[in-house]
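Enquirer: Next comes the structure file query.cif, holding mmCIF, C-alpha atoms.
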```
data_structure
loop_
_atom_site.label_atom_id
_atom_site.label_comp_id
_atom_site.auth_asym_id
_atom_site.auth_seq_id
_atom_site.Cartn_x
_atom_site.Cartn_y
_atom_site.Cartn_z
CA MET C 1 -14.55 16.90 -28.86
CA GLN C 2 -12.06 14.29 -30.10
CA LEU C 3 -10.23 12.15 -27.56
CA PRO C 4 -6.68 11.34 -28.63
CA GLN C 5 -6.47 7.55 -28.48
CA GLN C 6 -2.71 7.71 -27.94
CA LEU C 7 -3.19 9.78 -24.78
CA ALA C 8 -5.68 7.25 -23.40
CA LEU C 9 -3.16 4.49 -24.18
CA LEU C 10 -0.29 6.38 -22.51
CA LEU C 11 -2.34 7.15 -19.40
CA SER C 12 -3.27 3.47 -19.12
CA LEU C 13 0.38 2.52 -19.38
CA LEU C 14 1.25 4.89 -16.54
CA MET C 15 -1.47 3.53 -14.23
CA PRO C 16 -4.09 0.91 -15.06
CA GLY C 17 -7.50 2.56 -15.12
CA LEU C 18 -6.24 6.08 -15.80
CA GLY C 19 -7.04 5.87 -19.52
CA GLN C 20 -10.59 4.77 -18.66
CA VAL C 21 -10.93 7.76 -16.31
CA TYR C 22 -9.83 9.97 -19.21
CA ASN C 23 -12.52 8.32 -21.35
CA GLY C 24 -15.13 8.91 -18.65
CA GLN C 25 -15.58 5.21 -17.81
CA ILE C 26 -15.21 5.19 -14.03
CA ALA C 27 -16.49 1.65 -13.35
CA LYS C 28 -14.00 0.18 -15.84
CA ALA C 29 -11.23 2.30 -14.35
CA LEU C 30 -11.88 1.08 -10.82
CA THR C 31 -12.13 -2.54 -11.97
CA PHE C 32 -8.80 -2.41 -13.79
CA PHE C 33 -7.12 -0.61 -10.89
CA VAL C 34 -8.43 -3.05 -8.27
CA ALA C 35 -7.45 -6.06 -10.41
CA PHE C 36 -3.96 -4.59 -10.93
CA SER C 37 -3.32 -3.59 -7.31
CA GLY C 38 -4.95 -6.80 -6.00
CA SER C 39 -2.65 -8.91 -8.17
CA ILE C 40 0.41 -7.04 -6.91
CA PHE C 41 -0.78 -7.46 -3.31
CA LEU C 42 -1.30 -11.20 -3.72
CA ILE C 43 2.08 -11.61 -5.43
CA THR C 44 3.74 -9.95 -2.43
CA GLU C 45 1.75 -12.20 -0.09
CA ASP C 46 3.80 -15.13 -1.43
CA HIS C 47 1.28 -16.27 -4.06
CA PRO C 48 3.11 -15.67 -7.33
CA LEU C 49 0.89 -18.06 -9.30
CA PRO C 50 -1.49 -17.18 -10.90
CA PHE C 51 -1.22 -13.50 -10.09
CA ALA C 52 2.16 -12.96 -11.74
CA ILE C 53 0.62 -14.42 -14.88
CA PHE C 54 -2.52 -12.26 -14.60
CA LEU C 55 -0.58 -9.02 -14.20
CA PRO C 56 0.58 -8.57 -17.83
CA PHE C 57 -2.87 -9.54 -19.10
CA ILE C 58 -4.48 -6.93 -16.86
CA ILE C 59 -2.03 -4.27 -18.05
CA PHE C 60 -2.42 -5.05 -21.76
CA ALA C 61 -6.22 -5.47 -21.59
CA ASN C 62 -6.38 -2.12 -19.80
CA MET C 63 -4.29 -0.40 -22.49
CA ILE C 64 -6.22 -1.97 -25.38
CA ASP C 65 -9.55 -1.10 -23.77
CA ALA C 66 -8.58 2.55 -23.21
CA TYR C 67 -7.40 2.97 -26.81
CA ARG C 68 -10.43 1.17 -28.26
CA SER C 69 -12.89 3.07 -26.06
CA ALA C 70 -11.37 6.42 -27.07
CA SER C 71 -11.70 5.35 -30.72
CA LEU C 72 -15.37 4.42 -30.22
CA ILE C 73 -16.08 7.69 -28.44
CA ASN C 74 -14.46 9.57 -31.34
CA ALA C 75 -16.53 7.59 -33.84
CA ARG C 76 -19.69 8.64 -32.01
CA GLY C 77 -18.45 12.21 -32.02
CA ILE C 78 -19.26 12.90 -28.38
CA ARG C 79 -17.47 12.70 -25.11
CA PRO C 80 -19.52 11.31 -22.23
CA LEU C 81 -20.56 14.17 -19.99
CA THR C 82 -21.61 11.95 -17.11
CA GLU C 83 -19.67 9.50 -15.04
CA GLU C 84 -21.41 6.52 -16.67
CA ASP C 85 -21.09 6.00 -20.40
CA GLU C 86 -24.14 4.32 -21.90
CA ALA C 87 -21.79 1.92 -23.73
CA GLU C 88 -20.17 0.86 -20.45
CA SER C 89 -21.46 -2.56 -19.51
CA PRO C 90 -23.02 -3.12 -16.08
CA TRP C 91 -20.67 -6.11 -15.76
CA TRP C 92 -17.84 -3.72 -14.86
CA GLY C 93 -19.76 -2.54 -11.82
CA GLY C 94 -20.67 -6.12 -10.94
CA ALA C 95 -17.03 -7.20 -11.21
CA LEU C 96 -15.96 -4.35 -8.97
CA ALA C 97 -18.64 -5.20 -6.38
CA ALA C 98 -17.64 -8.88 -6.46
CA MET C 99 -13.98 -7.97 -5.87
CA GLY C 100 -15.04 -5.77 -2.97
CA VAL C 101 -17.09 -8.56 -1.38
CA VAL C 102 -14.18 -11.01 -1.69
CA LEU C 103 -11.73 -8.53 -0.15
CA LEU C 104 -14.17 -7.67 2.66
CA LEU C 105 -14.70 -11.35 3.47
CA ASN C 106 -10.92 -11.81 3.51
CA ASN C 107 -10.44 -8.81 5.83
CA LEU C 108 -13.14 -10.06 8.20
CA GLY C 109 -11.47 -13.46 8.36
CA TRP C 110 -14.46 -15.27 6.85
CA LEU C 111 -12.51 -16.15 3.70
CA ARG C 112 -8.82 -16.88 3.33
CA LEU C 113 -7.64 -15.84 -0.12
CA GLY C 114 -4.36 -17.61 0.47
CA ALA C 115 -6.19 -20.93 0.85
CA LEU C 116 -8.04 -20.38 -2.44
CA VAL C 117 -4.87 -19.82 -4.46
CA ARG C 118 -4.43 -23.53 -5.13
CA PHE C 119 -7.72 -23.51 -7.06
CA TRP C 120 -6.65 -20.83 -9.61
CA PRO C 121 -6.51 -23.37 -12.49
CA LEU C 122 -10.32 -23.53 -12.23
CA LEU C 123 -10.35 -20.03 -13.77
CA LEU C 124 -8.40 -21.33 -16.76
CA ILE C 125 -10.78 -24.27 -17.11
CA ALA C 126 -13.83 -21.99 -16.93
CA ALA C 127 -12.36 -19.55 -19.46
CA GLY C 128 -11.46 -22.39 -21.83
CA LEU C 129 -14.94 -23.91 -21.60
CA LEU C 130 -16.55 -20.52 -22.20
CA LEU C 131 -14.41 -19.90 -25.29
CA LEU C 132 -15.11 -23.41 -26.54
CA ARG C 133 -18.86 -22.94 -26.07
CA ARG C 134 -18.83 -19.62 -27.93
CA ALA C 135 -16.81 -21.11 -30.80
CA ILE C 136 -19.27 -23.98 -31.15
CA GLN C 137 -22.24 -21.60 -31.05
CA ARG C 138 -20.65 -19.42 -33.74
CA ARG C 139 -19.95 -22.46 -35.89
CA ASP C 140 -23.57 -23.60 -35.52
CA GLY C 141 -24.81 -20.09 -36.34
CA ASN C 142 -26.38 -19.45 -32.93
CA VAL C 143 -24.20 -16.47 -32.04
CA PRO C 144 -23.09 -13.76 -34.50
CA SER C 145 -19.34 -13.43 -34.90
CA VAL C 146 -17.89 -10.42 -33.07
#
```
Would you put the structure from the file into structure tokens?
Expert:
Amino acid sequence: MQLPQQLALLLSLLMPGLGQVYNGQIAKALTFFVAFSGSIFLITEDHPLPFAIFLPFIIFANMIDAYRSASLINARGIRPLTEEDEAESPWWGGALAAMGVVLLLNNLGWLRLGALVRFWPLLLIAAGLLLLRRAIQRRDGNVPSV
């Protein structure tokens, strides 16, 4: 059964994660939804940076992923019958669990997310270093180009 990629894209535009649910990728859907709603919550808690910057990236990554996943499912010629697609990385579940732990620690008062907001540039530094490392590895021939 063919999945219309445009429908997955439209559903993701309506609500982050909905296109992934349509594609049968529940862990991805929950991760995108929690990232989206968590960013909105933290923006309203008077922490506009970096969460106002993250919000469009979450939305666009969600839409691109839903469209691309529907295309890959169509290329395989099958729709996943189970909740977990074999192509869905376990990192999505790990990311969701990590977000849950952080939110639980915040709710229990053991971690103050508001106090950690000033350290958000560390995420940019880590992402930049990771991209730099991958580029150097590709240049040296250690990692195949994706």
Enquirer: How far is it from atom CA of C:Pro50 to atom CA of C:Leu122, in Å with one decimal?
Expert: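 These two atoms are separated by 11.0 Å.
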Enquirer: Could you list, as a list in words, every residue within 12 Å of C:Phe119, counting all atoms listed in the file and ignoring same-chain residues fewer than 6 positions away?
Expert: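 My list of contacting residues is His47, Leu49, Pro50, Leu113, Ile125 and Ala126 of chain C.
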Enquirer: Work out how far atom CA of C:Gly19 is from atom CA of C:Ser89, in Å to one decimal.
Expert: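 Interatomic distance here is 16.7 Å.
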Enquirer: Mind checking which residues fall within 12 Å of C:Met15, counting all atoms listed in the file, ignoring those fewer than 3 positions away in the same chain, and posting them as a ChimeraX atom specification?
Expert: /C:8-12,18-22,29-30,32-37,58-60,62-63,66
Enquirer: Restricting the output to C-alpha atoms, write the selected residues as a compact mmCIF listing (two decimals), in the frame of the given file.
Expert:
```
# COMPACT_ATOMS: atom_id res chain seq x y z
CA ALA C 8 -5.68 7.25 -23.40
CA LEU C 9 -3.16 4.49 -24.18
CA LEU C 10 -0.29 6.38 -22.51
CA LEU C 11 -2.34 7.15 -19.40
CA SER C 12 -3.27 3.47 -19.12
CA LEU C 18 -6.24 6.08 -15.80
CA GLY C 19 -7.04 5.87 -19.52
CA GLN C 20 -10.59 4.77 -18.66
CA VAL C 21 -10.93 7.76 -16.31
CA TYR C 22 -9.83 9.97 -19.21
CA ALA C 29 -11.23 2.30 -14.35
CA LEU C 30 -11.88 1.08 -10.82
CA PHE C 32 -8.80 -2.41 -13.79
CA PHE C 33 -7.12 -0.61 -10.89
CA VAL C 34 -8.43 -3.05 -8.27
CA ALA C 35 -7.45 -6.06 -10.41
CA PHE C 36 -3.96 -4.59 -10.93
CA SER C 37 -3.32 -3.59 -7.31
CA ILE C 58 -4.48 -6.93 -16.86
CA ILE C 59 -2.03 -4.27 -18.05
CA PHE C 60 -2.42 -5.05 -21.76
CA ASN C 62 -6.38 -2.12 -19.80
CA MET C 63 -4.29 -0.40 -22.49
CA ALA C 66 -8.58 2.55 -23.21
```
Enquirer: Give the answer as one residue: which of C:Leu131, C:Leu42, C:Leu14, C:Ala52 has the shortest atom-to-atom distance to C:Arg112, using only C-alpha atoms?
Expert: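 Counting only C-alpha atoms, the residue closest to C:Arg112 is C:Leu42.
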Enquirer: Out of C:Lys28, C:Leu124, C:Val102, C:Leu7, which residue has the shortest atom-to-atom distance to C:Asp65 when counting all atoms listed in the file?
Expert: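 Once distances to C:Asp65 are computed over all atoms listed in the file, the minimum belongs to C:Lys28.
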Enquirer: What does the structure give for the distance between atom CA of C:Ile43 and atom CA of C:Leu55, in Å to one decimal?
Expert: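 Atom-to-atom, atom CA of C:Ile43 and atom CA of C:Leu55 are spaced 9.5 Å apart.
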Enquirer: Give me the residues within 7 Å of stretch 67-71 of chain C as a PyMOL selection string, counting all atoms listed in the file and dropping any in the same chain fewer than 6 places off.
Expert: chain C and resi 3-6+8-9+23
Enquirer: Looking at all atoms listed in the file, which of C:Leu96, C:Leu130, C:Ala61, C:Ile53 is the one that sits closest to C:Ser39?
Expert: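 Nearest to C:Ser39: C:Ile53.
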Enquirer: Return the padded bounding box of stretch 90-96 of chain C as lines of an AutoDock Vina configuration file: axis-aligned, built from all atoms listed in the file, 3 Å added on each side, with centre and edge lengths in Å to one decimal.
Expert:
```
center_x = -19.5
center_y = -4.9
center_z = -12.5
size_x = 13.1
size_y = 10.7
size_z = 13.1
```
